[in-house]
file data.cif (mmCIF, C-alpha atoms and all ligand atoms)
data_structure
loop_
_atom_site.label_atom_id
_atom_site.label_comp_id
_atom_site.auth_asym_id
_atom_site.auth_seq_id
_atom_site.Cartn_x
_atom_site.Cartn_y
_atom_site.Cartn_z
CA MET A 2 101.08 76.28 119.61
CA SER A 3 100.19 78.31 122.70
CA ASN A 4 96.98 80.35 122.77
CA TRP A 5 95.43 78.19 120.07
CA PRO A 6 92.62 78.02 119.09
CA PRO A 7 92.13 81.75 119.63
CA SER A 8 89.20 82.92 121.66
CA LEU A 9 87.09 84.99 119.25
CA PRO A 10 83.94 87.01 119.85
CA SER A 11 80.89 84.86 119.08
CA GLN A 12 80.04 84.82 115.38
CA ALA A 13 76.71 83.05 115.90
CA GLY A 14 74.13 84.30 113.43
CA ARG A 15 76.78 85.68 111.08
CA THR A 16 77.47 84.40 107.57
CA ALA A 17 80.93 84.55 106.00
CA ILE A 18 82.56 83.74 102.68
CA VAL A 19 86.27 82.88 102.74
CA THR A 20 87.92 82.60 99.32
CA GLY A 21 90.73 80.06 98.89
CA ALA A 22 89.61 78.30 102.07
CA ASN A 23 90.69 74.78 101.13
CA THR A 24 94.26 75.17 102.38
CA GLY A 25 96.74 77.46 104.13
CA ILE A 26 95.68 80.65 105.86
CA GLY A 27 92.17 80.49 104.37
CA LEU A 28 91.45 77.02 105.76
CA VAL A 29 92.48 78.08 109.28
CA THR A 30 90.44 81.28 108.94
CA ALA A 31 87.36 79.34 107.86
CA MET A 32 87.81 76.79 110.64
CA GLU A 33 88.14 79.39 113.40
CA LEU A 34 85.19 81.43 112.13
CA ALA A 35 83.13 78.22 112.13
CA ARG A 36 84.35 77.39 115.64
CA ALA A 37 83.18 80.84 116.73
CA GLY A 38 79.71 80.02 115.39
CA ALA A 39 79.64 81.62 111.92
CA ARG A 40 78.13 79.90 108.90
CA VAL A 41 81.07 79.77 106.50
CA HIS A 42 81.05 79.33 102.72
CA LEU A 43 84.37 77.99 101.43
CA ALA A 44 84.75 79.67 98.02
CA CYS A 45 87.23 77.46 96.17
CA ARG A 46 88.11 76.48 92.62
CA ASN A 47 88.42 72.75 93.34
CA GLN A 48 85.39 70.99 94.83
CA GLY A 49 87.33 67.88 95.92
CA LYS A 50 89.84 69.99 97.86
CA ALA A 51 87.04 72.06 99.39
CA GLU A 52 85.18 68.94 100.49
CA ALA A 53 88.35 67.55 102.08
CA ALA A 54 88.79 70.89 103.89
CA MET A 55 85.18 70.84 105.09
CA ALA A 56 85.67 67.27 106.40
CA LEU A 57 88.75 68.47 108.30
CA ILE A 58 86.82 71.40 109.76
CA ARG A 59 83.93 69.14 110.80
CA ALA A 60 86.37 66.71 112.41
CA GLN A 61 87.79 69.55 114.55
CA VAL A 62 84.54 71.47 115.02
CA PRO A 63 81.64 68.99 114.94
CA ALA A 64 79.02 71.77 115.05
CA ALA A 65 80.62 73.64 112.12
CA ASP A 66 78.13 75.06 109.61
CA VAL A 67 80.14 75.06 106.38
CA ALA A 68 79.26 74.98 102.68
CA PHE A 69 81.11 74.86 99.35
CA LEU A 70 80.86 77.71 96.84
CA ALA A 71 82.55 77.12 93.47
CA LEU A 72 84.79 80.06 92.55
CA ASP A 73 87.63 80.33 90.06
CA LEU A 74 89.04 83.84 90.31
CA ALA A 75 90.95 83.29 87.06
CA SER A 76 87.68 83.37 85.13
CA LEU A 77 85.32 86.35 85.24
CA ALA A 78 82.49 84.07 84.08
CA SER A 79 83.16 81.81 87.08
CA VAL A 80 83.28 84.82 89.40
CA ARG A 81 79.90 86.00 88.11
CA ALA A 82 78.40 82.51 88.39
CA SER A 83 79.76 82.13 91.91
CA ALA A 84 78.34 85.43 93.14
CA ALA A 85 74.99 84.61 91.48
CA ARG A 86 74.96 81.20 93.15
CA PHE A 87 75.56 82.77 96.55
CA LEU A 88 72.93 85.48 96.00
CA ALA A 89 70.42 82.80 95.00
CA THR A 90 70.71 81.28 98.49
CA LYS A 91 69.12 84.52 99.86
CA GLU A 92 71.49 84.27 102.82
CA PRO A 93 72.87 87.44 104.39
CA LEU A 94 76.57 88.22 104.05
CA HIS A 95 78.27 89.76 107.07
CA LEU A 96 81.87 88.98 106.22
CA LEU A 97 83.78 88.50 102.97
CA VAL A 98 87.38 87.37 103.44
CA ASN A 99 89.23 87.83 100.14
CA ASN A 100 92.00 85.39 101.02
CA ALA A 101 92.66 83.47 97.78
CA GLY A 102 95.87 84.41 96.04
CA LEU A 103 98.82 82.96 94.20
CA VAL A 104 102.12 83.61 92.48
CA ALA A 105 101.94 82.03 89.04
CA ARG A 106 102.70 82.58 85.38
CA GLY A 107 100.39 82.83 82.38
CA THR A 108 97.03 84.45 81.74
CA THR A 109 93.54 84.21 83.15
CA LYS A 110 90.65 82.95 81.00
CA ASP A 111 89.99 86.60 80.11
CA GLY A 112 93.57 87.33 79.05
CA PHE A 113 94.92 89.16 82.12
CA GLU A 114 98.32 88.43 83.63
CA LEU A 115 97.55 85.43 85.86
CA THR A 116 98.80 86.60 89.27
CA PHE A 117 97.32 90.08 88.92
CA GLY A 118 94.14 88.69 87.36
CA VAL A 119 93.42 86.33 90.25
CA ASN A 120 94.70 88.42 93.15
CA HIS A 121 93.13 91.70 92.09
CA ILE A 122 90.78 91.55 89.08
CA GLY A 123 88.81 88.43 90.05
CA THR A 124 88.71 89.59 93.66
CA PHE A 125 87.56 93.07 92.61
CA LEU A 126 84.66 91.68 90.58
CA PHE A 127 83.64 89.14 93.25
CA THR A 128 83.50 91.88 95.89
CA ARG A 129 81.64 94.31 93.60
CA LEU A 130 78.97 91.68 92.87
CA LEU A 131 78.44 91.05 96.59
CA LEU A 132 78.38 94.70 97.70
CA ASP A 133 74.59 95.10 97.69
CA LYS A 134 74.28 91.98 99.81
CA LEU A 135 76.95 93.26 102.22
CA GLN A 136 75.08 96.57 102.43
CA ALA A 137 71.83 94.74 103.14
CA SER A 138 73.53 92.77 105.95
CA THR A 139 75.19 95.54 107.98
CA PRO A 140 77.22 95.64 110.11
CA SER A 141 79.41 93.83 107.63
CA ARG A 142 82.99 93.94 106.43
CA VAL A 143 85.39 92.99 103.66
CA VAL A 144 88.79 91.69 104.77
CA THR A 145 91.38 91.33 102.00
CA VAL A 146 94.61 89.42 102.51
CA ALA A 147 97.24 91.64 100.88
CA SER A 148 100.96 91.35 101.68
CA ARG A 149 103.97 93.36 102.77
CA ALA A 150 105.13 92.57 99.22
CA HIS A 151 103.05 95.60 98.19
CA THR A 152 105.91 97.78 99.46
CA ARG A 153 108.17 96.32 96.73
CA THR A 154 106.60 98.30 93.91
CA ARG A 155 105.85 101.97 93.40
CA GLY A 156 103.00 101.46 91.01
CA ILE A 157 101.03 99.20 88.69
CA ASP A 158 101.80 98.80 85.01
CA LEU A 159 98.22 98.91 83.72
CA ASP A 160 99.23 97.71 80.23
CA ALA A 161 101.44 94.85 81.38
CA VAL A 162 98.70 93.37 83.59
CA CYS A 163 96.66 92.80 80.41
CA ARG A 164 99.38 90.54 78.92
CA PRO A 165 100.92 87.17 79.87
CA THR A 166 103.48 87.16 82.69
CA PRO A 167 106.82 88.49 81.38
CA ALA A 168 110.08 86.57 81.86
CA GLY A 169 111.40 86.64 85.43
CA THR A 170 110.35 85.39 88.82
CA GLY A 171 106.80 86.74 88.63
CA PHE A 172 107.38 88.49 91.94
CA GLY A 173 106.96 91.93 90.35
CA GLN A 174 103.43 90.98 89.26
CA TYR A 175 102.69 89.61 92.73
CA ALA A 176 103.88 92.87 94.37
CA GLN A 177 101.67 94.87 91.99
CA SER A 178 98.68 92.64 92.72
CA LYS A 179 99.17 93.14 96.45
CA LEU A 180 99.51 96.90 96.00
CA ALA A 181 96.20 96.67 94.12
CA ASN A 182 94.67 94.88 97.16
CA VAL A 183 95.80 97.76 99.41
CA LEU A 184 94.57 100.51 97.05
CA PHE A 185 91.29 98.68 96.44
CA THR A 186 90.65 98.41 100.19
CA ALA A 187 91.21 102.11 100.87
CA GLU A 188 89.00 103.10 97.93
CA LEU A 189 86.28 100.61 98.94
CA ALA A 190 86.29 101.85 102.54
CA SER A 191 85.98 105.43 101.40
CA ARG A 192 83.16 104.65 98.95
CA LEU A 193 81.25 102.78 101.67
CA GLU A 194 81.90 105.24 104.50
CA GLY A 195 78.79 105.54 106.65
CA THR A 196 76.98 102.54 105.09
CA GLY A 197 77.86 100.05 107.84
CA VAL A 198 80.17 98.09 105.51
CA GLN A 199 83.83 98.38 106.47
CA ALA A 200 86.92 97.27 104.54
CA VAL A 201 90.44 96.50 105.69
CA CYS A 202 93.42 94.59 104.35
CA LEU A 203 96.39 92.93 105.96
CA HIS A 204 99.76 91.25 105.83
CA PRO A 205 99.55 87.76 107.37
CA GLY A 206 103.30 87.33 108.02
CA VAL A 207 105.67 85.12 106.06
CA ILE A 208 103.88 81.81 106.31
CA ALA A 209 104.78 78.21 105.43
CA SER A 210 101.85 77.52 103.10
CA ASP A 211 101.21 76.21 99.59
CA VAL A 212 101.71 79.72 98.20
CA TRP A 213 105.38 78.71 97.80
CA ARG A 214 104.46 75.58 95.81
CA ARG A 215 106.32 76.76 92.69
CA VAL A 216 109.57 77.40 94.58
CA PRO A 217 112.09 74.50 94.13
CA ALA A 218 111.90 71.94 96.99
CA PHE A 219 115.29 72.64 98.59
CA ALA A 220 114.77 76.43 98.60
CA ARG A 221 111.28 75.85 100.02
CA TRP A 222 112.68 73.69 102.81
CA PHE A 223 115.28 76.34 103.64
CA MET A 224 112.72 79.18 103.60
CA GLY A 225 110.48 77.07 105.83
CA LEU A 226 113.04 77.36 108.62
CA PHE A 227 112.21 81.05 108.91
CA MET A 228 108.47 80.97 108.32
CA LEU A 229 105.49 81.04 110.66
CA SER A 230 102.72 78.42 110.76
CA VAL A 231 99.42 78.80 108.91
CA GLU A 232 97.74 79.27 112.31
CA GLU A 233 100.00 82.28 112.96
CA GLY A 234 99.20 83.41 109.41
CA ALA A 235 95.45 83.42 110.12
CA ARG A 236 95.69 85.48 113.31
CA THR A 237 95.52 88.92 111.69
CA SER A 238 92.73 87.85 109.31
CA LEU A 239 90.76 86.66 112.35
CA VAL A 240 91.39 89.91 114.25
CA CYS A 241 90.21 91.92 111.24
CA ALA A 242 87.19 89.63 110.75
CA THR A 243 85.95 89.79 114.32
CA THR A 244 87.25 92.82 116.27
CA SER A 245 84.69 95.36 117.40
CA ASP A 246 87.33 98.08 117.03
CA LEU A 247 88.11 98.00 113.30
CA HIS A 248 90.02 100.89 111.70
CA ASN A 249 88.09 101.31 108.46
CA GLY A 250 90.28 101.37 105.36
CA ALA A 251 93.41 100.40 107.29
CA TYR A 252 96.21 97.97 106.46
CA TYR A 253 96.91 95.59 109.36
CA ASP A 254 100.07 93.72 110.29
CA ARG A 255 100.49 91.54 113.41
CA GLY A 256 96.96 92.31 114.47
CA ARG A 257 97.33 96.10 114.37
CA PRO A 258 96.74 98.87 111.82
CA VAL A 259 100.07 100.11 110.39
CA ALA A 260 101.17 102.48 107.63
CA THR A 261 101.23 101.22 104.06
CA SER A 262 103.90 102.18 101.54
CA GLU A 263 103.71 105.62 99.95
CA ALA A 264 102.11 104.08 96.86
CA GLY A 265 99.63 102.19 99.05
CA ALA A 266 98.47 105.50 100.52
CA ASP A 267 98.13 107.20 97.11
CA ARG A 268 94.39 107.93 96.90
CA GLU A 269 94.65 109.17 93.30
CA MET A 270 96.21 105.89 92.24
CA GLY A 271 93.48 104.03 94.15
CA ALA A 272 90.70 105.94 92.39
CA ALA A 273 92.35 105.40 88.98
CA LEU A 274 92.77 101.67 89.67
CA TRP A 275 89.10 101.40 90.64
CA ALA A 276 88.04 103.12 87.41
CA VAL A 277 90.18 100.90 85.18
CA SER A 278 89.13 97.79 87.12
CA GLU A 279 85.50 98.64 86.34
CA GLU A 280 86.48 98.74 82.64
CA TRP A 281 88.37 95.44 82.88
CA VAL A 282 85.41 93.53 84.35
CA ARG A 283 82.78 95.09 82.09
CA GLY A 284 80.81 92.75 79.83
CA PRO A 285 80.29 89.00 79.96
CA SER A 286 83.82 88.20 78.76
CA ARG A 287 86.73 89.96 77.10
CA SER A 288 87.77 86.90 75.13
N1 LIG A 301 102.18 82.58 102.77
C1 LIG A 301 102.72 83.79 102.89
O1 LIG A 301 103.86 83.95 103.33
C2 LIG A 301 101.92 85.01 102.50
C3 LIG A 301 102.50 86.28 102.73
C4 LIG A 301 101.78 87.41 102.39
C5 LIG A 301 100.51 87.27 101.83
N2 LIG A 301 99.98 86.03 101.60
C6 LIG A 301 98.64 85.95 101.01
O2 LIG A 301 97.83 85.15 101.83
C7 LIG A 301 96.74 84.61 101.05
C8 LIG A 301 96.60 83.13 101.36
O3 LIG A 301 97.76 82.48 100.89
P1 LIG A 301 98.38 81.18 101.56
O4 LIG A 301 99.72 81.53 102.01
O5 LIG A 301 97.43 80.54 102.50
O6 LIG A 301 98.56 80.30 100.22
P2 LIG A 301 97.97 78.90 99.75
O7 LIG A 301 98.13 77.89 100.84
O8 LIG A 301 98.60 78.65 98.44
O9 LIG A 301 96.42 79.21 99.57
C9 LIG A 301 95.95 80.01 98.52
C10 LIG A 301 94.49 79.69 98.25
O10 LIG A 301 94.08 80.47 97.12
C11 LIG A 301 93.40 79.60 96.22
N3 LIG A 301 93.44 80.06 94.83
C12 LIG A 301 94.51 80.20 94.02
N4 LIG A 301 94.11 80.53 92.78
C13 LIG A 301 92.76 80.60 92.83
C14 LIG A 301 91.75 80.88 91.87
N5 LIG A 301 92.06 81.11 90.58
N6 LIG A 301 90.47 80.88 92.25
C15 LIG A 301 90.13 80.61 93.53
N7 LIG A 301 91.02 80.30 94.48
C16 LIG A 301 92.31 80.31 94.12
C17 LIG A 301 94.14 78.28 96.36
O11 LIG A 301 93.38 77.22 95.80
P3 LIG A 301 94.11 75.86 95.27
O12 LIG A 301 94.53 75.10 96.49
O13 LIG A 301 93.05 75.20 94.47
O14 LIG A 301 95.28 76.30 94.44
C18 LIG A 301 94.25 78.23 97.87
O15 LIG A 301 93.03 77.80 98.43
C19 LIG A 301 97.11 84.92 99.59
O16 LIG A 301 96.36 86.03 99.15
C20 LIG A 301 98.59 85.27 99.66
O17 LIG A 301 98.99 86.12 98.62
C21 LIG A 301 100.66 84.90 101.93
#

call {"tool": "encode", "arguments": {"input": "data.cif", "output": "structure tokens"}}
result
Amino acid sequence: MSNWPPSLPSQAGRTAIVTGANTGIGLVTAMELARAGARVHLACRNQGKAEAAMALIRAQVPAADVAFLALDLASLASVRASAARFLATKEPLHLLVNNAGLVARGTTKDGFELTFGVNHIGTFLFTRLLLDKLQASTPSRVVTVASRAHTRTRGIDLDAVCRPTPAGTGFGQYAQSKLANVLFTAELASRLEGTGVQAVCLHPGVIASDVWRRVPAFARWFMGLFMLSVEEGARTSLVCATTSDLHNGAYYDRGRPVATSEAGADREMGAALWAVSEEWVRGPSRS
């Protein structure tokens, strides 16, 4: 691919966490941040996969400073343990890339609809638990990988996200989870205005990654003809992670801030989602 690897501003002296960094867009994001000099924690649910990813990064970037952080976003206990483990390192945190996400069926360990629970609720709690550290490490930022899929829903069914995935493709739950990423980002940016912590979200493009792993093989092959590479998919995350000209609270696509859907710009819905998310993650466990 031309213009690859991208030339990023030096990240020397900066510490990042990238969730879901063992494969796909997250792996490329982690690798390029490490190439630019950042210390990068790969926050992943599977240690073997994370270690294989770290070996790949070190093979490409021998000086890479990478570490594994266990994180299962489908379990609020795991999210709490993961944040506590990171905080115990006493390292600063300049960049949190909320990249992990999936389209799946079922429930999280705490009884939430699985796609929404991982993509929004686990991510919400992980970010909340790291906010003090981000504020103590300014200038810092939170970059959340949302999706253009957020435009496919006008709202979030707050009751349905507390039940198992209903019959269907599961795409409706995915769209709602990605709308939640967009609303969460705008609310976070507004709450942190003036603190030195910024927050943005983005659409990475339609990318040939493992996110399509549950799509039947032939359909996946066909879709792959029209998809971009994972390197292309990481470009906007890397812009958001490193640019000195970040539009706080914005939704990025193809490296630039663009308008969200009407629902994505609904500040009342964002504030209400934040309030109910606080309720959802309260206490050691709902189950
Ligand atoms: N690909 C696209 O076309 C596209 C389009 C728009 C938005 N996105 C978004 O881009 C982000 C990255 O996706 P991708 O395309 O790179 O997909 P991917 O290759 O499937 O990577 C997703 C990552 O998320 C991790 N993950 C899933 N469930 C998790 C959990 N419970 N706890 C912790 N990590 C978990 C996966 O870990 P495992 O390997 O262990 O499962 C994997 O590392 C996602 O948020 C996705 O929604 C993708």

call {"tool": "residues_near_ligand", "arguments": {"input": "data.cif", "ligand": "ligand LIG 301 (chain A)", "cutoff": "6 Å", "atoms": "all atoms listed in the file", "output": "ChimeraX atom specification"}}
result
/A:21-27,45-47,72-75,100-103,119,146-148,204-212

call {"tool": "residues_around", "arguments": {"input": "data.cif", "residues": "region 249-255 of chain A", "least_positions_apart": "5", "cutoff": "10 Å", "atoms": "only C-alpha atoms", "output": "mmCIF file with C-alpha atoms, in the frame of the given file"}}
result
data_model
loop_
_atom_site.group_PDB
_atom_site.id
_atom_site.type_symbol
_atom_site.label_atom_id
_atom_site.label_comp_id
_atom_site.auth_asym_id
_atom_site.auth_seq_id
_atom_site.Cartn_x
_atom_site.Cartn_y
_atom_site.Cartn_z
ATOM 1 C CA ARG A 142 82.990 93.940 106.430
ATOM 2 C CA VAL A 143 85.390 92.990 103.660
ATOM 3 C CA VAL A 144 88.790 91.690 104.770
ATOM 4 C CA THR A 145 91.380 91.330 102.000
ATOM 5 C CA VAL A 146 94.610 89.420 102.510
ATOM 6 C CA ALA A 147 97.240 91.640 100.880
ATOM 7 C CA SER A 148 100.960 91.350 101.680
ATOM 8 C CA ARG A 149 103.970 93.360 102.770
ATOM 9 C CA ASN A 182 94.670 94.880 97.160
ATOM 10 C CA VAL A 183 95.800 97.760 99.410
ATOM 11 C CA LEU A 184 94.570 100.510 97.050
ATOM 12 C CA PHE A 185 91.290 98.680 96.440
ATOM 13 C CA THR A 186 90.650 98.410 100.190
ATOM 14 C CA ALA A 187 91.210 102.110 100.870
ATOM 15 C CA GLU A 188 89.000 103.100 97.930
ATOM 16 C CA LEU A 189 86.280 100.610 98.940
ATOM 17 C CA ALA A 190 86.290 101.850 102.540
ATOM 18 C CA SER A 191 85.980 105.430 101.400
ATOM 19 C CA LEU A 193 81.250 102.780 101.670
ATOM 20 C CA GLU A 194 81.900 105.240 104.500
ATOM 21 C CA VAL A 198 80.170 98.090 105.510
ATOM 22 C CA GLN A 199 83.830 98.380 106.470
ATOM 23 C CA ALA A 200 86.920 97.270 104.540
ATOM 24 C CA VAL A 201 90.440 96.500 105.690
ATOM 25 C CA CYS A 202 93.420 94.590 104.350
ATOM 26 C CA LEU A 203 96.390 92.930 105.960
ATOM 27 C CA HIS A 204 99.760 91.250 105.830
ATOM 28 C CA PRO A 205 99.550 87.760 107.370
ATOM 29 C CA GLY A 206 103.300 87.330 108.020
ATOM 30 C CA GLU A 233 100.000 82.280 112.960
ATOM 31 C CA GLY A 234 99.200 83.410 109.410
ATOM 32 C CA ARG A 236 95.690 85.480 113.310
ATOM 33 C CA THR A 237 95.520 88.920 111.690
ATOM 34 C CA SER A 238 92.730 87.850 109.310
ATOM 35 C CA VAL A 240 91.390 89.910 114.250
ATOM 36 C CA CYS A 241 90.210 91.920 111.240
ATOM 37 C CA ALA A 260 101.170 102.480 107.630
ATOM 38 C CA THR A 261 101.230 101.220 104.060
ATOM 39 C CA GLY A 265 99.630 102.190 99.050
ATOM 40 C CA ALA A 266 98.470 105.500 100.520
#

call {"tool": "residues_around", "arguments": {"input": "data.cif", "residues": "region 277-284 of chain A", "least_positions_apart": "5", "cutoff": "9 Å", "atoms": "all atoms listed in the file", "output": "list in words"}}
result
Leu77, His121, Ile122, Gly123, Phe125, Leu126, Leu159 and Ala272 of chain A

call {"tool": "write_last_selection", "arguments": {"input": "data.cif", "atoms": "C-alpha atoms", "output": "PDB file, in the coordinates of the input"}}
result
ATOM      1  CA  LEU A  77      85.320  86.350  85.240  1.00  0.00           C
ATOM      2  CA  HIS A 121      93.130  91.700  92.090  1.00  0.00           C
ATOM      3  CA  ILE A 122      90.780  91.550  89.080  1.00  0.00           C
ATOM      4  CA  GLY A 123      88.810  88.430  90.050  1.00  0.00           C
ATOM      5  CA  PHE A 125      87.560  93.070  92.610  1.00  0.00           C
ATOM      6  CA  LEU A 126      84.660  91.680  90.580  1.00  0.00           C
ATOM      7  CA  LEU A 159      98.220  98.910  83.720  1.00  0.00           C
ATOM      8  CA  ALA A 272      90.700 105.940  92.390  1.00  0.00           C
TER       9      ALA A 272
END

call {"tool": "closest_residue", "arguments": {"input": "data.cif", "among": "A:Glu33, A:Val19, A:Gly118, A:Thr139", "to": "Ala71 (chain A)", "atoms": "all atoms listed in the file"}}
result
A:Val19

call {"tool": "atom_distance", "arguments": {"input": "data.cif", "atom1": "CA of Lys110 (chain A)", "atom2": "CA of Ser76 (chain A)"}}
result
5.1 Å

call {"tool": "closest_residue", "arguments": {"input": "data.cif", "among": "A:Val162, A:Gly156, A:Asp133, A:Ala220", "to": "Asp267 (chain A)", "atoms": "all atoms listed in the file"}}
result
A:Gly156

call {"tool": "residues_around", "arguments": {"input": "data.cif", "residues": "Glu92 (chain A)", "least_positions_apart": "3", "cutoff": "8 Å", "atoms": "all atoms listed in the file", "output": "ChimeraX atom specification"}}
result
/A:16,87-88

call {"tool": "axis_aligned_box", "arguments": {"input": "data.cif", "around": "region 137-147 of chain A", "padding_each_side": "3 Å", "output": "lines of an AutoDock Vina configuration file"}}
result
center_x = 84.5
center_y = 92.5
center_z = 105.5
size_x = 31.4
size_y = 12.2
size_z = 15.2

call {"tool": "atom_distance", "arguments": {"input": "data.cif", "atom1": "CA of Arg268 (chain A)", "atom2": "CA of Arg164 (chain A)"}}
result
25.5 Å

call {"tool": "closest_residue", "arguments": {"input": "data.cif", "among": "A:Gln48, A:Ser3, A:Thr243, A:Ser230", "to": "Leu97 (chain A)", "atoms": "only C-alpha atoms"}}
result
A:Thr243

call {"tool": "atom_distance", "arguments": {"input": "data.cif", "atom1": "CA of Tyr175 (chain A)", "atom2": "CA of Thr152 (chain A)"}}
result
11.1 Å

call {"tool": "residues_near_point", "arguments": {"input": "data.cif", "point": "(73.5, 96.9, 110.8)", "cutoff": "10 Å", "atoms": "all atoms listed in the file", "output": "JSON, numbers by chain"}}
result
{"A": [95, 135, 136, 137, 138, 139, 140, 141, 196, 197, 198]}
